[in-house]
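*Asks:* One file is attached below, entry-v2.csv, containing CSV, C-alpha atoms.
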chain,number,residue,atom,x,y,z
A,1,MET,CA,13.1,-12.2,1.9
A,2,TYR,CA,10.6,-9.8,0.4
A,3,ILE,CA,7.8,-7.8,2.0
A,4,ASP,CA,5.1,-7.0,-0.5
A,5,ILE,CA,3.1,-3.9,0.6
A,6,HIS,CA,0.5,-3.8,-2.2
A,7,SER,CA,-1.7,-6.7,-3.4
A,8,HIS,CA,-5.3,-7.5,-4.3
A,9,ILE,CA,-5.3,-10.9,-2.7
A,10,ILE,CA,-8.5,-10.9,-0.7
A,11,PRO,CA,-11.1,-12.8,-2.7
A,12,GLY,CA,-14.3,-11.2,-3.9
A,13,VAL,CA,-13.9,-7.6,-2.7
A,14,ASP,CA,-12.4,-5.9,-5.8
A,15,ASP,CA,-10.8,-6.7,-9.2
A,16,GLY,CA,-8.2,-9.0,-7.6
A,17,ALA,CA,-8.5,-12.6,-6.5
A,18,LYS,CA,-11.8,-14.1,-7.6
A,19,ASP,CA,-12.1,-16.7,-4.9
A,20,GLU,CA,-10.1,-18.4,-2.1
A,21,ALA,CA,-8.6,-20.9,-4.6
A,22,MET,CA,-7.1,-18.1,-6.6
A,23,ALA,CA,-6.0,-16.3,-3.5
A,24,LEU,CA,-4.1,-19.4,-2.3
A,25,LYS,CA,-2.4,-19.8,-5.7
A,26,MET,CA,-1.3,-16.2,-5.5
A,27,LEU,CA,0.0,-16.7,-2.0
A,28,LYS,CA,2.0,-19.8,-3.1
A,29,ILE,CA,3.5,-17.8,-6.0
A,30,ALA,CA,4.5,-15.1,-3.5
A,31,HIS,CA,5.9,-17.6,-1.0
A,32,ASP,CA,7.9,-19.4,-3.7
A,33,CYS,CA,9.6,-16.2,-4.9
A,34,GLY,CA,10.7,-15.4,-1.3
A,35,THR,CA,7.9,-13.1,0.0
A,36,ARG,CA,7.3,-13.7,3.7
A,37,HIS,CA,4.9,-10.9,4.4
A,38,ILE,CA,2.2,-9.5,2.0
A,39,ILE,CA,-0.2,-6.7,2.7
A,40,ALA,CA,-3.8,-7.1,1.3
A,41,THR,CA,-4.7,-3.7,-0.1
A,42,PRO,CA,-8.2,-3.9,-1.7
A,43,HIS,CA,-9.3,-0.8,-3.6
A,44,TYR,CA,-11.4,1.6,-1.7
A,45,VAL,CA,-13.3,3.9,-4.0
A,46,ILE,CA,-16.0,6.0,-2.3
A,47,GLY,CA,-19.4,5.1,-3.7
A,48,ASN,CA,-18.2,1.8,-5.2
A,49,THR,CA,-16.9,-0.1,-2.2
A,50,ARG,CA,-19.0,-2.1,0.2
A,51,PHE,CA,-16.6,-3.1,3.0
A,52,GLU,CA,-15.3,-1.6,6.2
A,53,PHE,CA,-11.8,-2.0,7.4
A,54,ALA,CA,-12.9,-4.5,10.1
A,55,ASP,CA,-14.0,-6.8,7.2
A,56,ILE,CA,-10.5,-6.7,5.7
A,57,MET,CA,-9.0,-7.6,9.0
A,58,GLU,CA,-11.3,-10.6,9.3
A,59,LYS,CA,-10.6,-11.7,5.7
A,60,CYS,CA,-6.9,-11.5,6.4
A,61,ALA,CA,-7.2,-13.7,9.4
A,62,ARG,CA,-9.1,-16.2,7.2
A,63,LEU,CA,-6.3,-16.2,4.7
A,64,ASN,CA,-3.7,-16.7,7.4
A,65,LYS,CA,-5.5,-19.7,8.6
A,66,LEU,CA,-5.7,-21.1,5.0
A,67,VAL,CA,-1.9,-20.6,4.4
A,68,ALA,CA,-1.2,-22.2,7.8
A,69,ASP,CA,-3.3,-25.2,6.8
A,70,VAL,CA,-1.3,-25.8,3.6
A,71,GLY,CA,2.0,-25.1,5.2
A,72,LEU,CA,3.1,-21.8,3.6
A,73,ASN,CA,5.4,-19.6,5.5
A,74,ILE,CA,3.8,-16.3,4.6
A,75,THR,CA,1.8,-13.8,6.7
A,76,VAL,CA,-1.1,-11.7,5.3
A,77,HIS,CA,-1.5,-8.2,6.8
A,78,PRO,CA,-4.5,-5.9,6.4
A,79,GLY,CA,-4.4,-2.7,4.5
A,80,CYS,CA,-6.2,-0.9,1.7
A,81,GLU,CA,-5.6,1.2,-1.4
A,82,ALA,CA,-7.6,4.3,-0.9
A,83,PHE,CA,-8.5,6.3,-4.0
A,84,ILE,CA,-7.7,9.9,-3.0
A,85,THR,CA,-10.7,12.1,-2.7
A,86,LEU,CA,-11.6,15.0,-0.3
A,87,GLU,CA,-13.3,12.4,2.0
A,88,VAL,CA,-10.2,10.3,2.7
A,89,SER,CA,-9.6,11.6,6.2
A,90,GLU,CA,-13.3,11.2,7.1
A,91,LEU,CA,-13.3,7.7,5.7
A,92,TYR,CA,-10.3,6.9,8.0
A,93,GLU,CA,-12.0,8.4,11.0
A,94,ARG,CA,-15.2,6.3,10.3
A,95,GLY,CA,-13.2,3.1,10.1
A,96,LEU,CA,-13.9,2.5,6.5
A,97,ILE,CA,-10.2,2.6,5.4
A,98,GLY,CA,-7.1,1.9,7.4
A,99,THR,CA,-3.3,1.9,7.4
A,100,LEU,CA,-0.9,-0.8,6.3
A,101,ALA,CA,-0.2,-3.7,8.7
A,102,GLY,CA,-1.2,-1.6,11.7
A,103,SER,CA,1.4,1.1,11.0
A,104,ARG,CA,0.9,4.8,10.6
A,105,CYS,CA,1.3,4.6,6.8
A,106,MET,CA,-1.6,4.6,4.3
A,107,LEU,CA,-1.5,3.6,0.7
A,108,VAL,CA,-3.3,6.2,-1.5
A,109,GLU,CA,-4.0,6.1,-5.2
A,110,PHE,CA,-3.9,9.1,-7.6
A,111,PRO,CA,-6.1,9.3,-10.6
A,112,MET,CA,-4.3,7.9,-13.7
A,113,MET,CA,-4.6,10.9,-16.0
A,114,SER,CA,-3.8,13.8,-13.7
A,115,ILE,CA,-3.1,15.2,-10.3
A,116,PRO,CA,-6.1,17.1,-9.1
A,117,PRO,CA,-5.4,20.4,-7.2
A,118,TYR,CA,-7.1,19.2,-4.0
A,119,ILE,CA,-4.5,16.4,-3.5
A,120,ASP,CA,-2.0,18.4,-1.6
A,121,ASN,CA,-4.6,19.4,1.0
A,122,VAL,CA,-5.8,15.8,1.4
A,123,LEU,CA,-2.2,14.5,1.9
A,124,TYR,CA,-1.5,17.3,4.4
A,125,ASP,CA,-4.7,16.6,6.3
A,126,LEU,CA,-3.6,12.9,6.7
A,127,GLN,CA,-0.2,14.0,7.9
A,128,LEU,CA,-1.8,16.2,10.5
A,129,LYS,CA,-3.5,13.1,11.8
A,130,GLY,CA,-0.2,11.4,12.1
A,131,ILE,CA,-0.6,9.3,8.9
A,132,THR,CA,2.2,9.1,6.4
A,133,PRO,CA,0.8,8.7,2.9
A,134,ILE,CA,2.4,6.3,0.5
A,135,ILE,CA,1.6,7.2,-3.1
A,136,ALA,CA,0.8,4.0,-5.0
A,137,HIS,CA,2.4,3.5,-8.5
A,138,PRO,CA,3.0,7.1,-9.3
A,139,GLU,CA,4.9,6.0,-12.4
A,140,CYS,CA,1.6,5.1,-14.0
A,141,ASN,CA,0.2,8.6,-13.6
A,142,ILE,CA,0.2,10.4,-17.0
A,143,GLU,CA,1.1,13.8,-15.5
A,144,ILE,CA,4.1,12.3,-13.5
A,145,GLN,CA,5.2,10.4,-16.6
A,146,GLU,CA,5.4,13.7,-18.4
A,147,ASN,CA,7.1,15.5,-15.5
A,148,PRO,CA,8.7,13.0,-13.0
A,149,GLY,CA,10.1,16.0,-11.1
A,150,LEU,CA,6.7,16.5,-9.6
A,151,MET,CA,7.5,13.8,-7.1
A,152,GLU,CA,10.3,15.8,-5.5
A,153,SER,CA,7.9,18.1,-3.7
A,154,TYR,CA,6.1,15.1,-2.2
A,155,MET,CA,9.3,13.6,-1.0
A,156,GLU,CA,10.4,16.9,0.6
A,157,ARG,CA,7.1,16.8,2.6
A,158,GLY,CA,7.8,13.4,4.0
A,159,ILE,CA,5.4,11.5,1.7
A,160,LEU,CA,6.5,8.1,0.6
A,161,SER,CA,6.0,6.2,-2.7
A,162,GLN,CA,5.5,2.7,-3.9
A,163,VAL,CA,6.1,1.5,-7.5
A,164,ASN,CA,4.9,-1.6,-9.2
A,165,SER,CA,7.2,-4.6,-10.0
A,166,GLY,CA,5.5,-4.8,-13.4
A,167,SER,CA,6.6,-1.2,-14.2
A,168,VAL,CA,10.2,-2.2,-13.3
A,169,THR,CA,10.1,-5.2,-15.7
A,170,GLY,CA,8.3,-3.3,-18.4
A,171,ILE,CA,5.0,-5.1,-18.6
A,172,PHE,CA,3.2,-1.8,-18.2
A,173,GLY,CA,4.9,-0.2,-21.1
A,174,VAL,CA,7.9,2.0,-22.0
A,175,LYS,CA,6.7,5.2,-20.4
A,176,ALA,CA,6.0,3.5,-17.0
A,177,ARG,CA,9.4,1.8,-17.1
A,178,ARG,CA,11.3,4.9,-18.0
A,179,THR,CA,9.5,6.9,-15.3
A,180,VAL,CA,10.1,4.3,-12.6
A,181,MET,CA,13.8,4.1,-13.4
A,182,ARG,CA,14.0,7.9,-13.1
A,183,LEU,CA,12.1,8.0,-9.8
A,184,ILE,CA,14.4,5.3,-8.3
A,185,LYS,CA,17.5,7.0,-9.6
A,186,GLU,CA,16.4,10.3,-7.9
A,187,GLY,CA,15.7,8.5,-4.6
A,188,TRP,CA,12.0,9.2,-4.8
A,189,VAL,CA,10.9,5.6,-4.3
A,190,HIS,CA,10.6,3.7,-1.1
A,191,PHE,CA,9.0,0.4,-2.0
A,192,VAL,CA,8.6,-2.0,-4.9
A,193,ALA,CA,5.5,-4.1,-4.6
A,194,SER,CA,3.6,-6.5,-6.9
A,195,ASP,CA,0.1,-4.8,-7.0
A,196,ALA,CA,-0.9,-8.4,-7.8
A,197,HIS,CA,-4.4,-9.0,-9.1
A,198,SER,CA,-4.3,-12.6,-10.1
A,199,ASP,CA,-2.2,-15.8,-10.3
A,200,THR,CA,-1.4,-15.3,-14.0
A,201,ASN,CA,-0.5,-12.0,-15.7
A,202,ARG,CA,-0.4,-9.7,-12.7
A,203,ASN,CA,0.8,-12.2,-10.1
A,204,PRO,CA,2.8,-11.5,-6.9
A,205,ASP,CA,6.2,-12.8,-8.1
A,206,LEU,CA,8.7,-10.1,-7.2
A,207,LYS,CA,12.0,-11.9,-8.2
A,208,ASN,CA,12.3,-10.6,-11.7
A,209,ALA,CA,11.9,-7.0,-10.6
A,210,ALA,CA,14.4,-7.6,-7.8
A,211,VAL,CA,16.9,-8.9,-10.4
A,212,VAL,CA,16.4,-5.8,-12.6
A,213,ILE,CA,16.9,-3.4,-9.6
A,214,GLU,CA,20.0,-5.2,-8.4
A,215,LYS,CA,21.6,-5.1,-11.8
A,216,ARG,CA,20.8,-1.4,-12.4
A,217,PHE,CA,21.2,0.0,-8.9
A,218,GLY,CA,22.9,-2.6,-6.8
A,219,SER,CA,22.0,-5.1,-4.0
A,220,GLY,CA,21.7,-2.3,-1.4
A,221,MET,CA,19.0,-0.6,-3.3
A,222,ARG,CA,17.2,-3.9,-3.9
A,223,ASP,CA,17.2,-4.7,-0.2
A,224,GLU,CA,15.8,-1.2,0.7
A,225,LEU,CA,13.0,-1.3,-1.8
A,226,PHE,CA,11.9,-4.9,-1.3
A,227,THR,CA,12.5,-5.4,2.4
A,228,LYS,CA,14.3,-2.9,4.6
A,229,ASN,CA,12.0,0.1,4.1
A,230,ALA,CA,9.0,-2.0,4.9
A,231,ILE,CA,10.7,-3.0,8.2
A,232,LYS,CA,11.7,0.7,8.8
A,233,TYR,CA,8.4,2.4,8.0
A,234,LEU,CA,5.8,-0.2,8.6
A,235,LYS,CA,7.5,-1.9,11.6
A,236,ILE,CA,7.0,-5.4,10.1
A,237,SER,CA,9.2,-7.9,11.8
A,238,PRO,CA,11.5,-9.7,9.4
A,239,GLU,CA,11.0,-12.9,11.4
How would this structure read if it were set down as structure tokens?
*Replies:*
Amino acid sequence: MYIDIHSHIIPGVDDGAKDEAMALKMLKIAHDCGTRHIIATPHYVIGNTRFEFADIMEKCARLNKLVADVGLNITVHPGCEAFITLEVSELYERGLIGTLAGSRCMLVEFPMMSIPPYIDNVLYDLQLKGITPIIAHPECNIEIQENPGLMESYMERGILSQVNSGSVTGIFGVKARRTVMRLIKEGWVHFVASDAHSDTNRNPDLKNAAVVIEKRFGSGMRDELFTKNAIKYLKISPE
């Protein structure tokens, strides 16, 4: 049983599912690979996003009704992927962004090319509010690819990280795959998630990545990254 903490499965809010038909196809792919819980994490980029977190909760309820109608045993939970800016804490207080599945963990996205100097203060401010940041796909950040050891300081401060299944299987290139393997080896990864955007190329099938992790790091690591840590940190019931 997998728990997928990062997906763009809500139709029409970002660059993920285009409509409900695609969202249902994505949910069937997730269900068929063994995922029983999936968190909808639409992008929130200040100035470009036109939803509030209450809207995401409503849309997740709609998707849960649709999957129940077609008999899929999978639950959609609300979340978001907040692009990290100085305003993140304010956005949370205003109800524009939220945590994952009602937990005290928030998925945050770094810029792809660098790590701006303000990021440490933003992460610390979230922690002061009782929110544990989860860094989304750090293996895709150019600065971290060049120096994976940068992740160690985040881990020492109680910050978590999530890597993409596509990085594990190599579809995002050699650098992302090499980086993700180093991060996992060092113990700097807590979740593998799909970051699914469609029912085709970037779909929510986790099983290939799970096979890779099991072969390289063992079944214990596979279970931690795909299931157990989500139960531990996000308090998602395995039932």
*Asks:* Which is closer to Ile29 (chain A) than all the others in A:Ala61, A:Ile97, A:Ala54, A:Ala196, using all atoms listed in the file?
*Replies:*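 When distances to Ile29 (chain A) are compared using all atoms listed in the file, the smallest one comes from A:Ala196.
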*Asks:* Just give me the gap between CA of Pro133 (chain A) and CA of Thr99 (chain A) in Å, one decimal is fine.
*Replies:*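 Atom-to-atom, CA of Pro133 (chain A) and CA of Thr99 (chain A) are spaced 9.1 Å apart.
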*Asks:* List the spatial neighbours of Met112 (chain A) as a VMD selection string - criterion: any atom at most 7 Å away, all atoms listed in the file, same-chain residues fewer than 3 positions off excluded.
*Replies:* chain A and resid 140 to 142
*Asks:* Neighbouring residues of Leu96 (chain A) were defined as those with any atom within 10 Å, considering only C-alpha atoms; residues of the same chain fewer than 6 positions away were excluded. Please report them as a compact mmCIF listing (two decimals) with C-alpha atoms, in the frame of the given file.
*Replies:*
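Output below, filename result-v7.txt:
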# COMPACT_ATOMS: atom_id res chain seq x y z
CA TYR A 44 -11.40 1.60 -1.70
CA ILE A 46 -16.00 6.00 -2.30
CA THR A 49 -16.90 -0.10 -2.20
CA ARG A 50 -19.00 -2.10 0.20
CA PHE A 51 -16.60 -3.10 3.00
CA GLU A 52 -15.30 -1.60 6.20
CA PHE A 53 -11.80 -2.00 7.40
CA ALA A 54 -12.90 -4.50 10.10
CA ASP A 55 -14.00 -6.80 7.20
CA ILE A 56 -10.50 -6.70 5.70
CA CYS A 80 -6.20 -0.90 1.70
CA ALA A 82 -7.60 4.30 -0.90
CA VAL A 88 -10.20 10.30 2.70
CA GLU A 90 -13.30 11.20 7.10
*Asks:* May I ask which of the residues A:Glu139, A:Ala30, A:Ser161, A:Lys185 is the closest one to Gly173 (chain A), counting all atoms listed in the file?
*Replies:*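 Selected residue with least distance to Gly173 (chain A): A:Glu139.
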*Asks:* Identify which of the residues A:Ala23, A:Leu86, A:Val180, A:Ile9 lies closest to Pro138 (chain A), counting only C-alpha atoms when measuring atom-to-atom distances.
*Replies:*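 For Pro138 (chain A), the nearest of the given residues is A:Val180.
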*Asks:* From the options A:Pro11, A:Gly34, A:Pro148, A:Gly95, which residue's atoms come nearest to Pro204 (chain A), counting all atoms listed in the file?
*Replies:* A:Gly34
*Asks:* Near Pro117 (chain A), counting only C-alpha atoms, which residues have an atom at most 12 Å away, once you skip same-chain residues fewer than 5 positions from it, shown as a PyMOL selection string?
*Replies:* chain A and resi 84-86+110-111+122-123
*Asks:* Residues of the last selection are to be written out with C-alpha atoms, as a CSV table (one decimal), in the frame of the given file.
*Replies:*
chain,number,residue,atom,x,y,z
A,84,ILE,CA,-7.7,9.9,-3.0
A,85,THR,CA,-10.7,12.1,-2.7
A,86,LEU,CA,-11.6,15.0,-0.3
A,110,PHE,CA,-3.9,9.1,-7.6
A,111,PRO,CA,-6.1,9.3,-10.6
A,122,VAL,CA,-5.8,15.8,1.4
A,123,LEU,CA,-2.2,14.5,1.9
*Asks:* Using Å and a single decimal, report how far CA of Asn201 (chain A) sits from CA of Met181 (chain A).
*Replies:*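 So the answer is 21.7 Å.
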*Asks:* In Å to one decimal, how far is CA of Ser165 (chain A) from CA of Gly218 (chain A)?
*Replies:*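 Rounded to one decimal, the two atoms are 16.1 Å apart.
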*Asks:* Do you know which residues are at most 8 Å from Leu66 (chain A) counting all atoms listed in the file, after dropping those on the same chain fewer than 4 positions away, and could you put them as JSON, numbers by chain?
*Replies:* {"A": [24, 62, 70]}
*Asks:* Restricting the calculation to only C-alpha atoms, which member of A:Val45, A:Met155, A:Leu63, A:Leu206 is positioned closest to His6 (chain A)?
*Replies:*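 Residue with the minimum atom-to-atom distance to His6 (chain A): A:Leu206.
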*Asks:* Pick out the residues sitting within 10 Å of Leu27 (chain A), and hand them over as a PyMOL selection string; count all atoms listed in the file, and ignore anything fewer than 4 positions along from it in its own chain.
*Replies:* chain A and resi 9+21-23+31-32+35-38+63+67+72-76+199+203-205
*Asks:* For Ser198 (chain A), which residue out of A:Met151, A:Ala136, A:Ile144, A:Ala17 is the nearest one, using all atoms listed in the file?
*Replies:*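 Among the listed residues, A:Ala17 lies closest to Ser198 (chain A).
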*Asks:* (-8.2, -7.9, -8.2) in this file's frame - what residues fall within 10 Å of it? Use all atoms listed in the file and give the answer as a ChimeraX atom specification.
*Replies:* /A:7-18,23,41-43,195-198,202
*Asks:* Any chance you can output those residues with C-alpha atoms as a CSV table (one decimal), in the coordinates of the input?
*Replies:*
chain,number,residue,atom,x,y,z
A,7,SER,CA,-1.7,-6.7,-3.4
A,8,HIS,CA,-5.3,-7.5,-4.3
A,9,ILE,CA,-5.3,-10.9,-2.7
A,10,ILE,CA,-8.5,-10.9,-0.7
A,11,PRO,CA,-11.1,-12.8,-2.7
A,12,GLY,CA,-14.3,-11.2,-3.9
A,13,VAL,CA,-13.9,-7.6,-2.7
A,14,ASP,CA,-12.4,-5.9,-5.8
A,15,ASP,CA,-10.8,-6.7,-9.2
A,16,GLY,CA,-8.2,-9.0,-7.6
A,17,ALA,CA,-8.5,-12.6,-6.5
A,18,LYS,CA,-11.8,-14.1,-7.6
A,23,ALA,CA,-6.0,-16.3,-3.5
A,41,THR,CA,-4.7,-3.7,-0.1
A,42,PRO,CA,-8.2,-3.9,-1.7
A,43,HIS,CA,-9.3,-0.8,-3.6
A,195,ASP,CA,0.1,-4.8,-7.0
A,196,ALA,CA,-0.9,-8.4,-7.8
A,197,HIS,CA,-4.4,-9.0,-9.1
A,198,SER,CA,-4.3,-12.6,-10.1
A,202,ARG,CA,-0.4,-9.7,-12.7
